[in-house]
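**Q** The file below is model.txt, compact mmCIF, C-alpha atoms:
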```txt
# COMPACT_ATOMS: atom_id res chain seq x y z
CA MET A 1 -2.74 -43.03 58.67
CA ARG A 2 -1.27 -43.60 55.21
CA SER A 3 -4.63 -42.99 53.62
CA ALA A 4 -5.18 -39.89 55.76
CA ALA A 5 -1.92 -38.35 54.53
CA PHE A 6 -2.77 -39.38 50.96
CA VAL A 7 -6.28 -37.90 51.18
CA LEU A 8 -4.99 -34.69 52.81
CA LEU A 9 -2.45 -34.30 50.02
CA CYS A 10 -5.01 -34.98 47.28
CA LEU A 11 -7.60 -32.74 48.88
CA ALA A 12 -5.19 -29.86 49.13
CA TRP A 13 -4.11 -30.22 45.49
CA ALA A 14 -7.63 -30.80 44.30
CA MET A 15 -9.54 -27.80 45.66
CA PRO A 16 -10.69 -25.40 42.96
CA ALA A 17 -9.19 -21.93 42.87
CA LEU A 18 -11.29 -19.17 44.44
CA ALA A 19 -10.54 -15.52 45.12
CA GLU A 20 -8.22 -14.80 48.08
CA GLN A 21 -6.84 -18.28 48.36
CA PRO A 22 -3.78 -20.07 47.10
CA LEU A 23 -3.51 -21.63 43.68
CA LEU A 24 -3.98 -25.29 44.57
CA ARG A 25 -3.08 -27.03 41.36
CA PRO A 26 0.43 -26.60 39.97
CA ASN A 27 0.52 -24.46 36.85
CA ARG A 28 3.75 -26.07 35.64
CA ASP A 29 5.19 -29.58 35.61
CA VAL A 30 6.73 -30.66 38.89
CA ASP A 31 8.03 -33.77 40.65
CA VAL A 32 7.74 -33.70 44.47
CA THR A 33 8.75 -36.24 47.10
CA TYR A 34 6.73 -35.99 50.31
CA ARG A 35 7.39 -37.50 53.72
CA SER A 36 4.86 -38.19 56.42
CA ALA A 37 5.12 -39.80 59.82
CA THR A 38 2.89 -42.80 60.50
CA PRO A 39 2.60 -45.14 63.49
CA GLN A 40 4.58 -47.65 61.38
CA GLY A 41 7.37 -45.17 60.68
CA THR A 42 8.17 -42.68 57.96
CA LEU A 43 6.36 -42.93 54.65
CA GLU A 44 7.60 -41.30 51.45
CA GLN A 45 5.65 -40.85 48.27
CA ARG A 46 6.45 -39.29 44.96
CA VAL A 47 3.89 -37.02 43.33
CA ARG A 48 4.26 -35.77 39.78
CA TRP A 49 2.09 -33.20 38.04
CA LEU A 50 1.56 -32.85 34.30
CA ALA A 51 0.20 -29.30 34.22
CA ALA A 52 -1.04 -29.11 30.62
CA ALA A 53 -3.15 -32.24 31.08
CA GLN A 54 -4.19 -31.44 34.69
CA THR A 55 -3.07 -34.93 35.69
CA MET A 56 -1.35 -36.12 38.85
CA ARG A 57 0.59 -39.34 39.40
CA ILE A 58 1.15 -40.57 42.95
CA ASP A 59 3.72 -43.28 43.68
CA PRO A 60 3.37 -44.29 47.32
CA ALA A 61 6.37 -46.33 48.45
CA PRO A 62 6.67 -49.29 48.86
CA SER A 63 3.13 -50.21 47.75
CA GLY A 64 3.88 -51.66 44.32
CA LEU A 65 1.20 -49.50 42.74
CA HIS A 66 0.66 -45.97 41.52
CA VAL A 67 -2.39 -43.77 41.20
CA ILE A 68 -3.21 -41.50 38.26
CA ILE A 69 -5.81 -38.78 38.76
CA ASP A 70 -7.05 -37.04 35.63
CA TYR A 71 -8.81 -33.90 36.84
CA LEU A 72 -10.25 -33.01 33.43
CA ALA A 73 -11.77 -36.46 32.81
CA ARG A 74 -12.65 -36.86 36.51
CA ARG A 75 -11.05 -40.32 36.51
CA MET A 76 -8.80 -42.14 38.94
CA SER A 77 -6.76 -45.21 38.01
CA VAL A 78 -4.99 -47.45 40.52
CA VAL A 79 -2.27 -49.21 38.53
CA ARG A 80 -0.31 -52.38 39.45
CA ASP A 81 2.54 -52.89 37.02
CA ALA A 82 3.49 -56.29 38.49
CA THR A 83 0.09 -57.77 37.53
CA ARG A 84 -0.38 -55.50 34.50
CA SER A 85 -3.76 -54.44 35.85
CA VAL A 86 -5.65 -51.27 36.65
CA VAL A 87 -8.74 -50.45 38.66
CA GLU A 88 -10.51 -47.49 37.09
CA MET A 89 -13.19 -45.37 38.72
CA THR A 90 -14.73 -41.95 38.84
CA ALA A 91 -12.58 -39.79 41.07
CA PRO A 92 -14.28 -39.10 44.42
CA ASP A 93 -15.65 -35.55 44.62
CA GLY A 94 -13.45 -34.47 47.53
CA MET A 95 -10.34 -35.83 45.85
CA ALA A 96 -10.72 -34.42 42.38
CA GLY A 97 -12.22 -31.04 43.13
CA LEU A 98 -15.33 -31.88 41.15
CA ALA A 99 -18.34 -29.60 41.00
CA GLY A 100 -19.59 -28.83 44.48
CA ALA A 101 -16.48 -30.07 46.27
CA GLY A 102 -14.54 -27.55 48.27
CA THR A 103 -16.51 -24.56 47.03
CA THR A 104 -17.12 -23.34 50.59
CA MET A 105 -13.46 -23.53 51.59
CA SER A 106 -12.07 -20.38 53.09
CA PHE A 107 -8.43 -19.46 53.47
CA VAL A 108 -6.65 -16.98 55.70
CA ARG A 109 -3.07 -16.05 54.94
CA ARG A 110 -0.90 -16.83 57.98
CA GLY A 111 2.70 -16.26 56.95
CA GLU A 112 5.60 -17.31 54.81
CA ALA A 113 7.92 -20.33 55.04
CA THR A 114 10.58 -22.27 53.20
CA VAL A 115 10.07 -26.00 52.73
CA ALA A 116 12.45 -28.22 50.74
CA GLY A 117 14.27 -25.08 49.63
CA GLU A 118 11.13 -23.53 48.11
CA HIS A 119 9.25 -20.44 49.30
CA CYS A 120 5.59 -20.93 50.19
CA THR A 121 2.72 -19.06 51.81
CA GLU A 122 1.00 -20.58 54.82
CA TRP A 123 -2.79 -20.64 54.68
CA GLN A 124 -5.22 -21.53 57.47
CA THR A 125 -8.21 -23.53 56.25
CA GLN A 126 -10.22 -26.60 57.33
CA ASP A 127 -9.80 -30.29 56.59
CA ARG A 128 -12.61 -32.59 55.44
CA ASP A 129 -13.78 -33.00 59.04
CA SER A 130 -13.90 -29.22 59.57
CA HIS A 131 -10.83 -29.24 61.82
CA PRO A 132 -8.37 -26.35 61.46
CA ALA A 133 -5.67 -27.16 58.91
CA LEU A 134 -2.56 -25.30 57.79
CA VAL A 135 -1.18 -25.68 54.27
CA CYS A 136 1.92 -24.11 52.75
CA VAL A 137 1.65 -23.60 48.99
CA THR A 138 4.02 -22.05 46.44
CA SER A 139 2.83 -19.17 44.27
CA ASP A 140 2.61 -21.60 41.33
CA GLY A 141 0.33 -24.04 43.18
CA VAL A 142 2.65 -26.69 44.63
CA LEU A 143 1.65 -27.96 48.06
CA LEU A 144 4.78 -28.15 50.21
CA ARG A 145 3.37 -28.88 53.65
CA ALA A 146 0.01 -29.75 55.19
CA GLY A 147 -1.06 -30.35 58.74
CA SER A 148 -3.93 -30.31 61.16
CA GLU A 149 -4.47 -30.38 64.90
CA GLY A 150 -1.09 -28.69 65.36
CA GLN A 151 0.88 -31.44 63.62
CA VAL A 152 2.56 -31.53 60.22
CA ARG A 153 1.00 -34.50 58.41
CA VAL A 154 2.93 -34.31 55.15
CA SER A 155 5.93 -32.24 54.04
CA ALA A 156 7.91 -31.99 50.81
CA VAL A 157 11.51 -33.15 51.04
CA SER A 158 12.41 -32.47 47.41
CA VAL A 159 10.91 -30.42 44.60
CA HIS A 160 12.07 -30.63 40.98
CA TYR A 161 10.54 -28.47 38.29
CA ALA A 162 11.02 -30.15 34.91
CA PRO A 163 8.89 -31.27 31.97
CA GLN A 164 7.22 -34.58 32.80
CA ASP A 165 6.92 -37.54 30.42
CA PRO A 166 3.23 -37.75 29.43
CA GLY A 167 3.61 -41.53 29.09
CA ALA A 168 4.08 -41.82 32.86
CA PHE A 169 0.53 -40.48 33.26
CA ARG A 170 -1.15 -43.03 30.97
CA VAL A 171 -2.20 -46.59 31.68
CA PRO A 172 -0.79 -48.99 29.05
CA SER A 173 -3.58 -50.13 26.74
CA ASP A 174 -2.82 -53.84 27.26
CA TYR A 175 -3.36 -53.74 31.05
CA ALA A 176 -6.37 -55.68 32.38
CA ARG A 177 -9.02 -53.21 33.41
CA GLN A 178 -11.29 -53.66 36.40
CA THR A 179 -13.91 -51.55 38.10
CA PRO A 180 -14.44 -51.44 41.87
CA GLY A 181 -16.59 -54.32 43.08
CA ALA A 182 -16.13 -56.35 39.89
CA ALA A 183 -15.40 -60.05 40.25
CA ARG A 184 -11.72 -60.88 40.06
```
Represent the structure from my file as structure tokens, please.
**A**
Amino acid sequence: MRSAAFVLLCLAWAMPALAEQPLLRPNRDVDVTYRSATPQGTLEQRVRWLAAAQTMRIDPAPSGLHVIIDYLARRMSVVRDATRSVVEMTAPDGMAGLAGAGTTMSFVRRGEATVAGEHCTEWQTQDRDSHPALVCVTSDGVLLRAGSEGQVRVSAVSVHYAPQDPGAFRVPSDYARQTPGAAR
């Protein structure tokens, strides 16, 4: 369930912009805390966006790791500060909005809402499994709520617009680098 909420969040932020749909990548720096319900309880994760670099940082609590997705370089890094290590890989197509991903998505405007004190427009679309999904996105591209099958899967609980520290979106050069499937 954690990964489903994570993938839904990434998918919604990753889809390329098309006509008559919401802007799905923030066009200014923002720091958002999301909450989702899981069978194990409530999960919160912090997501920051560095707009100029088209880079997202996801800090799922209490995992002890963070994920950096560089949309321009099409790279994803899973970073563990405790072990000073990083697993680097090409970002999956559906996650990073790479060529061919999400290009057939359609959106229908459904209404307006306020989530975490921010105004957003609700859009009906489909999730990766072609089930109906509803997302609520601000005019500047911040996902505030996403759900499917009549249930809210993830919702913003706080939104802070402020310049982000570019250093938080870089992996330290002295971290041990690994690739998926490599021997440990």
**Q** Give me the residues near stretch 148-163 of chain A as an NGL selection string, where near means some atom within 10 Å (using only C-alpha atoms) and where sequence neighbours in that chain fewer than 2 positions away do not count.
**A** :A and (1-2 or 4-6 or 8-9 or 28-38 or 43-51 or 115-118 or 124-127 or 131-136 or 142-146 or 165-166)
**Q** With distances taken over only C-alpha atoms, which residue among A:Arg25, A:Arg84, A:Arg110, A:His66 lies nearest A:Arg177?
**A**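 Smallest distance to A:Arg177 is found for A:Arg84.
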**Q** Measure the distance from atom CA of A:Arg74 to atom CA of A:Met105 in Å and round it to one decimal.
**A**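 Between atom CA of A:Arg74 and atom CA of A:Met105 the gap is 20.1 Å.
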**Q** Near A:Gly111, within 8 Å and counting all atoms listed in the file, which residues show up once chain neighbours fewer than 4 positions away are dropped, as JSON, numbers by chain?
**A** {"A": [121, 122, 123]}
**Q** So how far away is atom CA of A:Gln164 from atom CA of A:Asp140, in Å?
**A** 16.2 Å
**Q** What is the atom CA of A:Val137-atom CA of A:Ala73 distance in Å, reported with one decimal?
**A**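 Separating atom CA of A:Val137 from atom CA of A:Ala73 is a distance of 24.6 Å.
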**Q** So which one's closest to A:Leu72, A:Ser106, A:Thr90, A:Ser85, A:Thr42? Using all atoms listed in the file, please.
**A**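 Counting all atoms listed in the file, the residue closest to A:Leu72 is A:Thr90.
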**Q** For A:Gln54, which residue among A:Ser139, A:Gln178, A:Ser130, A:Asn27 is the nearest when counting all atoms listed in the file?
**A**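 For A:Gln54, the nearest of the candidates is A:Asn27.
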**Q** Using all atoms listed in the file, which of A:Ser77, A:Thr138, A:Thr114, A:Thr179 sits nearest A:Met56?
**A**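 Checking each candidate against A:Met56, we get A:Ser77 as the closest.
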**Q** Of the candidates A:Leu24, A:Ala168, A:Met76, A:Ala52, which shows the shortest atom-to-atom distance to A:Cys120, using only C-alpha atoms?
**A**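 Nearest to A:Cys120: A:Leu24.
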**Q** As a CSV table (one decimal), in the coordinates of the input, please: stretch 118-133 of chain A completed to N, CA and C atoms.
**A**
```
chain,number,residue,atom,x,y,z
A,118,GLU,N,12.1,-24.3,48.9
A,118,GLU,CA,11.1,-23.5,48.1
A,118,GLU,C,10.3,-22.6,49.0
A,119,HIS,N,10.1,-21.4,48.6
A,119,HIS,CA,9.2,-20.4,49.3
A,119,HIS,C,7.8,-20.8,49.2
A,120,CYS,N,7.0,-20.7,50.3
A,120,CYS,CA,5.6,-20.9,50.2
A,120,CYS,C,4.9,-20.0,51.2
A,121,THR,N,3.6,-19.9,50.9
A,121,THR,CA,2.7,-19.1,51.8
A,121,THR,C,1.9,-20.0,52.6
A,122,GLU,N,1.8,-19.8,53.9
A,122,GLU,CA,1.0,-20.6,54.8
A,122,GLU,C,-0.4,-20.0,54.8
A,123,TRP,N,-1.4,-21.0,54.7
A,123,TRP,CA,-2.8,-20.6,54.7
A,123,TRP,C,-3.5,-21.5,55.7
A,124,GLN,N,-4.3,-20.8,56.5
A,124,GLN,CA,-5.2,-21.5,57.5
A,124,GLN,C,-6.5,-21.9,56.7
A,125,THR,N,-7.0,-23.1,56.9
A,125,THR,CA,-8.2,-23.5,56.2
A,125,THR,C,-8.8,-24.6,57.1
A,126,GLN,N,-9.6,-25.5,56.6
A,126,GLN,CA,-10.2,-26.6,57.3
A,126,GLN,C,-10.0,-27.9,56.5
A,127,ASP,N,-9.9,-29.0,57.3
A,127,ASP,CA,-9.8,-30.3,56.6
A,127,ASP,C,-11.2,-30.8,56.3
A,128,ARG,N,-11.3,-32.0,55.8
A,128,ARG,CA,-12.6,-32.6,55.4
A,128,ARG,C,-13.5,-32.7,56.6
A,129,ASP,N,-13.0,-32.9,57.8
A,129,ASP,CA,-13.8,-33.0,59.0
A,129,ASP,C,-14.0,-31.7,59.8
A,130,SER,N,-13.7,-30.6,59.1
A,130,SER,CA,-13.9,-29.2,59.6
A,130,SER,C,-13.0,-28.9,60.7
A,131,HIS,N,-11.9,-29.6,60.8
A,131,HIS,CA,-10.8,-29.2,61.8
A,131,HIS,C,-9.9,-28.2,61.2
A,132,PRO,N,-9.3,-27.3,62.0
A,132,PRO,CA,-8.4,-26.4,61.5
A,132,PRO,C,-7.2,-27.1,60.8
A,133,ALA,N,-6.8,-26.6,59.6
A,133,ALA,CA,-5.7,-27.2,58.9
A,133,ALA,C,-4.8,-26.0,58.4
```
